[in-house]
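Peer 1: Sending over a structure as structure tokens; questions will come in a sec.
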Amino acid sequence: QRSGKTYEGIHKPIVSPSLFDRAEAVRTGRDNKKTTKHNLLFRGLFRCGHCRGTMIGERQKGNVYYRCHKKGCATKSVREDLMQDQIGKFLSRFTLNDAQVQKLRTRFTNILCSSDGAERQKAAAFELAKIDERLSRLADKLIDGVIDDALYETKKGAILMDRQRCQEVVEEVANLDAKIAKLDRFLELAKSLYLQYRSASDEQKRELLNFASSNRQVFAKELALQPSDWLTCLQDGLSDSLGDPDRDSSRTFEALSECFKTLIGPELGDISQ
């Protein structure tokens, strides 16, 4: 810090580049997340099925109601606890038995152990070699007087951040046990969405509802929930190939695996990376 020079270091950083990038996005206002005054459970998650307006939550006499505020709209209000009941019925339709979970685990474990991970690790190693070449060329420019010390340190710092990101990929691909643990957590979630929802905190309920449904609408006092693409694909796959141990539709499972790979974000564990 005193010299103004940047060193790569030998210890694993406390703050990873990916976490640093997210923190910078929040600090500079680039995360596009809005704050809300009323921290209601279903805020922003439902639209009116008649006019497509946002259902706005309000507290009245100890209860929470979600209302459509468009004048003349047929949808007036629905109480939050009644919405909870309907969401529970929706989620209870989707369950996996132990045999289905085990078959999914076996198939996805095979995917994680496939050449895809090796290819990603190979690509990251190739990128690391290119980054080391960039560092060498940058040092040559400093020695030849093409750039001064200040510019050298600035560019070196940016290159070292790129190097750390590639190193993260190499370490992540190599850590198969951690990825399988993430897969197990996901399958436990998918095994009974309703039980997971019932025992979750309010914020976890919001995440799970976003995770399992789309196009959420309210018609009068009735909810219309559409399963997420991954959930529809899962149910189709179970009825097609996973439900019958004597059948094995590779095309169905390939489509299902693509859904699983794309749906899982950092909060739930990314088994595709």
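Chain lettering (A, B, ...) mirrors the order of the structure tokens, residue numbering begins at 1 for each chain separately, and ligand numbering begins at 1 in order of display.
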Please identify which residues in range 16-207 of chain A DSSP calls helix (DSSP H, G or I) from the backbone, and express them as a short mmCIF file (atom, residue, chain, number, x, y, z; two decimals) with C-alpha atoms, in the first residue's frame.
Peer 2:
data_model
loop_
_atom_site.label_atom_id
_atom_site.label_comp_id
_atom_site.auth_asym_id
_atom_site.auth_seq_id
_atom_site.Cartn_x
_atom_site.Cartn_y
_atom_site.Cartn_z
CA PRO A 17 -13.30 -11.14 -7.51
CA SER A 18 -16.88 -12.23 -8.18
CA LEU A 19 -17.99 -11.00 -4.72
CA PHE A 20 -16.00 -7.80 -5.21
CA ASP A 21 -17.76 -7.20 -8.54
CA ARG A 22 -21.19 -7.64 -6.92
CA ALA A 23 -20.26 -5.29 -4.07
CA GLU A 24 -19.06 -2.68 -6.53
CA ALA A 25 -22.32 -2.98 -8.45
CA VAL A 26 -24.25 -2.24 -5.26
CA ARG A 27 -21.93 0.61 -4.26
CA GLU A 80 -52.43 -12.82 2.09
CA ASP A 81 -53.28 -15.90 4.18
CA LEU A 82 -55.71 -17.09 1.48
CA MET A 83 -52.97 -16.64 -1.10
CA GLN A 84 -50.67 -18.75 1.11
CA ASP A 85 -53.22 -21.58 1.14
CA GLN A 86 -53.50 -21.58 -2.65
CA ILE A 87 -49.73 -21.47 -3.10
CA GLY A 88 -49.40 -24.47 -0.77
CA LYS A 89 -51.88 -26.45 -2.88
CA PHE A 90 -49.97 -25.52 -6.04
CA LEU A 91 -46.60 -26.60 -4.65
CA ASP A 98 -36.76 -41.53 -3.04
CA ALA A 99 -36.28 -43.70 -6.15
CA GLN A 100 -36.77 -40.72 -8.46
CA VAL A 101 -34.35 -38.57 -6.43
CA GLN A 102 -31.72 -41.33 -6.56
CA LYS A 103 -32.06 -41.72 -10.31
CA LEU A 104 -31.79 -37.98 -10.85
CA ARG A 105 -28.75 -37.85 -8.57
CA THR A 106 -27.04 -40.67 -10.46
CA ARG A 107 -27.66 -39.11 -13.84
CA PHE A 108 -26.59 -35.61 -12.83
CA THR A 109 -23.52 -36.92 -11.03
CA ASN A 110 -22.54 -38.54 -14.32
CA ILE A 111 -22.96 -35.16 -16.00
CA LEU A 112 -20.76 -33.47 -13.41
CA SER A 115 -15.79 -34.22 -20.10
CA ASP A 116 -17.62 -30.88 -19.82
CA GLY A 117 -15.83 -30.06 -16.60
CA ALA A 118 -12.52 -31.12 -18.09
CA GLU A 119 -13.12 -28.88 -21.11
CA ARG A 120 -13.92 -25.89 -18.92
CA GLN A 121 -10.83 -26.53 -16.81
CA LYS A 122 -8.72 -26.83 -19.97
CA ALA A 123 -10.13 -23.55 -21.31
CA ALA A 124 -9.43 -21.79 -18.01
CA ALA A 125 -5.85 -23.12 -17.94
CA PHE A 126 -5.36 -21.84 -21.50
CA GLU A 127 -6.71 -18.44 -20.46
CA LEU A 128 -4.32 -18.40 -17.48
CA ALA A 129 -1.40 -18.94 -19.83
CA LYS A 130 -2.57 -16.01 -21.98
CA ILE A 131 -2.89 -13.82 -18.88
CA ASP A 132 0.67 -14.68 -17.85
CA GLU A 133 1.79 -13.62 -21.34
CA ARG A 134 -0.04 -10.31 -20.88
CA LEU A 135 1.79 -9.76 -17.59
CA SER A 136 5.11 -10.49 -19.28
CA ARG A 137 4.41 -8.09 -22.16
CA LEU A 138 3.33 -5.43 -19.69
CA ALA A 139 6.60 -5.81 -17.75
CA ASP A 140 8.54 -5.47 -21.01
CA LYS A 141 6.75 -2.20 -21.78
CA LEU A 142 7.71 -0.88 -18.36
CA ILE A 143 11.35 -1.87 -18.83
CA ASP A 149 5.05 3.05 -13.14
CA ALA A 150 1.54 4.38 -12.44
CA LEU A 151 0.05 3.00 -15.66
CA TYR A 152 1.92 -0.27 -15.17
CA GLU A 153 0.42 -0.77 -11.70
CA THR A 154 -3.09 0.09 -12.92
CA LYS A 155 -2.94 -2.38 -15.81
CA LYS A 156 -1.23 -5.01 -13.69
CA GLY A 157 -3.99 -4.81 -11.08
CA ALA A 158 -6.69 -5.35 -13.73
CA ILE A 159 -4.82 -8.32 -15.22
CA LEU A 160 -4.34 -9.93 -11.80
CA MET A 161 -8.10 -9.66 -11.18
CA ASP A 162 -8.70 -11.50 -14.47
CA ARG A 163 -6.19 -14.11 -13.40
CA GLN A 164 -7.95 -14.66 -10.09
CA ARG A 165 -11.31 -15.13 -11.87
CA CYS A 166 -9.81 -17.83 -14.09
CA GLN A 167 -8.23 -19.46 -11.07
CA GLU A 168 -11.67 -19.58 -9.43
CA VAL A 169 -12.99 -21.53 -12.43
CA VAL A 170 -10.11 -24.03 -12.23
CA GLU A 171 -10.67 -24.57 -8.51
CA GLU A 172 -14.45 -24.84 -8.87
CA VAL A 173 -14.30 -27.45 -11.62
CA ALA A 174 -11.80 -29.43 -9.58
CA LEU A 176 -16.42 -32.17 -7.49
CA ASP A 177 -17.46 -33.01 -3.92
CA ALA A 178 -18.74 -29.47 -3.34
CA LYS A 179 -20.77 -29.56 -6.56
CA ILE A 180 -22.35 -32.89 -5.65
CA ALA A 181 -23.24 -31.44 -2.24
CA LYS A 182 -24.96 -28.54 -4.03
CA LEU A 183 -26.80 -31.05 -6.21
CA ASP A 184 -27.98 -32.94 -3.11
CA ARG A 185 -29.28 -29.70 -1.57
CA PHE A 186 -31.15 -28.90 -4.75
CA LEU A 187 -32.72 -32.36 -4.97
CA GLU A 188 -33.77 -32.10 -1.34
CA LEU A 189 -35.51 -28.84 -2.23
CA ALA A 190 -37.18 -30.34 -5.30
CA LYS A 191 -38.26 -33.44 -3.36
CA LEU A 193 -41.44 -27.91 -2.53
CA TYR A 194 -44.49 -27.58 -0.28
CA LEU A 195 -42.72 -28.74 2.90
CA GLN A 196 -39.76 -26.52 2.12
CA TYR A 197 -42.09 -23.57 1.57
CA ARG A 198 -44.07 -24.18 4.75
CA ASP A 202 -40.63 -14.96 4.37
CA GLU A 203 -37.64 -14.09 2.21
CA GLN A 204 -37.00 -17.76 1.45
CA LYS A 205 -40.67 -18.17 0.54
CA ARG A 206 -40.33 -15.34 -1.98
CA GLU A 207 -37.25 -16.96 -3.51
#
Peer 1: Name the residues of range 55-240 of chain A that fall into strand (DSSP E) according to DSSP on the backbone, using the chain letters and numbers of this document, as a PyMOL selection string.
Peer 2: chain A and resi 56-60+63-67+77-79+213-219+222-227
